[in-house]
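Chemist: Here it is: the structure, laid out below.
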Amino acid sequence: MKKSELQQTVSAVVNQTPVLDVHTHLYSARFGDLLLWGIDELLDYHYLICETLINDPTSPDEFYAMTKADQAELVWNTLFVRNTPVSEATRGVVTTLRALGFELEKTTLSQVREYFASTKVDDYIDLVFDQSNVEAAVMTNDVLDPAEQAVWAELSERDPRFLAALRIDGLLNDWPGAVAVLRAGGYDVSEGLDDNTCGEVRRFLADNAEVMQPVYMAASLPPTFAYPEDSARGKLLEKCILPFSRERALPFAMMIGVKKLINPPLQLAGDGVGKADIGVLERLCGGNPENKFLVTCLSRENQHELAVTARKFSNLMVFGCWWWLNIPSVIAEMTAERIELLGTRFIPQHSDARVLDQLIYKWSHSRKVIADVLAEKYADLIDAGWTVQRSDIERDVRRLFSENFRKFVGLDN
Ligand code: FIX
Ligand code: ZN
């Protein structure tokens with residue numbers, strides 16, 4: 001292939017290759033209101049809430065006391081009427097509404113609301129998955145959330161587009177709170193984490209895994225996350241999570257670097273970021289060669305050392321440009337250094353979509369950046385004297401967009 005053909009070919013292949021979205025907060029329609037979709041949810045996204053509240057005098061408490069529709073109105077008027085929607089999260093709403101056929105210059109919020117009021121959720125899921133070319137999305141299934149657990153108890157058939165992930169933040173980050181939930185569920189646990197309690201925690205994990213059939217276990221962890229550590233989290237990891245993950249061949253996904261609630265009144269929008277100690281991964285991956293770890297870090301300053309560490313351990317798979325890294329300038333930087341250090345052995349992106357509609361913009365924005373970086377790398381390779389075929393590009397993008405993940409978690413084995 002000539003260099004002059006690269007950009008067009010790579011963009012076409014990237015756009016045509018379905019993606020398996022390895023981390024979202026979406027749910028299938030059978031989870032009812034847990035699945036967020038439509039314009040008011042799109043505008044009430046916590047990324048847009050904090051952007052609104054730094055541009056408008058409304059306090060967080062006043063904002064959260066408003067109805068969802070009034071919150072959406074304030075977000076719309078603040079970020080899209082009184083200001084230009086040039087940030088990544090605001091531009092995303094523009095991309096999504098355009099893709100749905102709205103001419104924003106002539107569209108009012110109430111017209112968009114009318115469209116969603118007359119749209120059926122099952123039809124909309126089909127439309128969004130088709131528009132975003134997503135073949136499946138991994139949910140975030142909180143094992144300690146009673147509302148979600150009630151749905152699992154009744155769930156008869158599964159939508160194959162929605163894969164489960166056993167999310168265990170509550171266990172690892174709030175063990176005393178988890179003890180109460182597990183005891184209420186009939187598990188004989190105590191805060192002391194003696195052998196009996198650890199056995200009961202493993203039984204709890206096994207029971208949930210039996211119901212959910214997850215593709216991985218996951219937790220978000222603070223920048224101070226340490227291993228090994230003489231703490232409840234350290235003991236749970238050593239005696240429960242790592243053995244269970246190994247026995248069940250269920251990879252453990254660690255999302256490291258979130259500082260919960262640096263501004264508590266902002267609630268879900270109030271989290272911050274901190275640089276983590278990548279040495280934790282050296283000890284976890286090196287000390288547990290039978291375990292598999294999916295890892296993403298929240299701090300931009302962790303990314304290069306994370307990619308270098310991923311060169312050293314075949315049981316470590318790097319994924320995504322998480323949260324505030326999911327912006328074109330940083331996706332480009334991270335994708336380039338990952339290709340330069342890891343070739344195509346990494347998972348370049350996940351959407352982290354909380355609202356179904358976001359799949360449309362998160363994937364169209366990321367696909368453009370990833371295609372541009374890939375085209376540049378193939379051009380460098382052609383300059384070095386290698387012949388690049390379209391079939392090579394198709395194979396590489398399939399690897400990046402789904403096959404690395406499927407193989408690593410044992411899907412389709
Ligand atoms: O821990 C997580 O899964 C984070 O992605 C979320 O807590 C966060 O609120 C988010 O949605 C970021 O994109
Ligand atoms: Zn998330």
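Residue names in the structure tokens use chain letters A, B, ... in the order shown, residue numbers from 1 in each chain, and ligand numbers from 1 in the order shown.
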Show me which residues are within 10 Å of ligand 2 counting only C-alpha atoms and all ligand atoms, and format the list as an MDAnalysis selection string.

Modeler: chainID A and resid 23:26 139:140 219:220 255 322:323 350:354

Chemist: I'd like the neighbourhood of A:Ile39 as a PyMOL selection string, where a residue qualifies if any of its atoms comes within 10 Å (using only C-alpha atoms), though same-chain residues fewer than 6 positions away should be ignored.

Modeler: chain A and resi 69+72+93+96-97+109-110+112-117+355+357

Chemist: Between A:Asn208, A:Ile278, A:Leu284, A:Asn291, which is the closest to A:Glu229 once you count only C-alpha atoms?

Modeler: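 Residue with the minimum atom-to-atom distance to A:Glu229: A:Leu284.
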
Chemist: Which of these, A:Asp21, A:Asp145, A:Glu238, A:Glu103, has the shortest distance to A:Val181 once you count only C-alpha atoms?

Modeler: A:Asp145

Chemist: As number ranges by chain, please: the residues near stretch 382-390 of chain A (cut-off 12 Å, only C-alpha atoms, same-chain neighbours under 2 positions excluded).

Modeler: A: 1-14, 374-380, 392-397

Chemist: Under the rule that only C-alpha atoms and all ligand atoms are counted, which of A:Asp169, A:Asp207, A:Asp61, A:Glu282 is the nearest residue to ligand 1?

Modeler: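 Between A:Asp169, A:Asp207, A:Asp61, A:Glu282, the residue approaching ligand 1 most closely is A:Asp169.
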
Chemist: Just checking: using only C-alpha atoms, which residue out of A:Leu104, A:Ile241, A:Ile370, A:Val75 ends up closest to A:Arg202?

Modeler: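 Result for the nearest residue to A:Arg202: A:Ile241.
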
Chemist: As an exercise, work out the distance from atom CA of A:Leu341 to atom CA of A:Arg398 in Å and give it to one decimal place.

Modeler: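 Interatomic distance here is 18.9 Å.
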
Chemist: Under the rule that only C-alpha atoms are counted, which of A:Leu342, A:Val273, A:Ala253, A:Val295 is the nearest residue to A:Arg311?

Modeler: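 The closest residue to A:Arg311 is A:Leu342.
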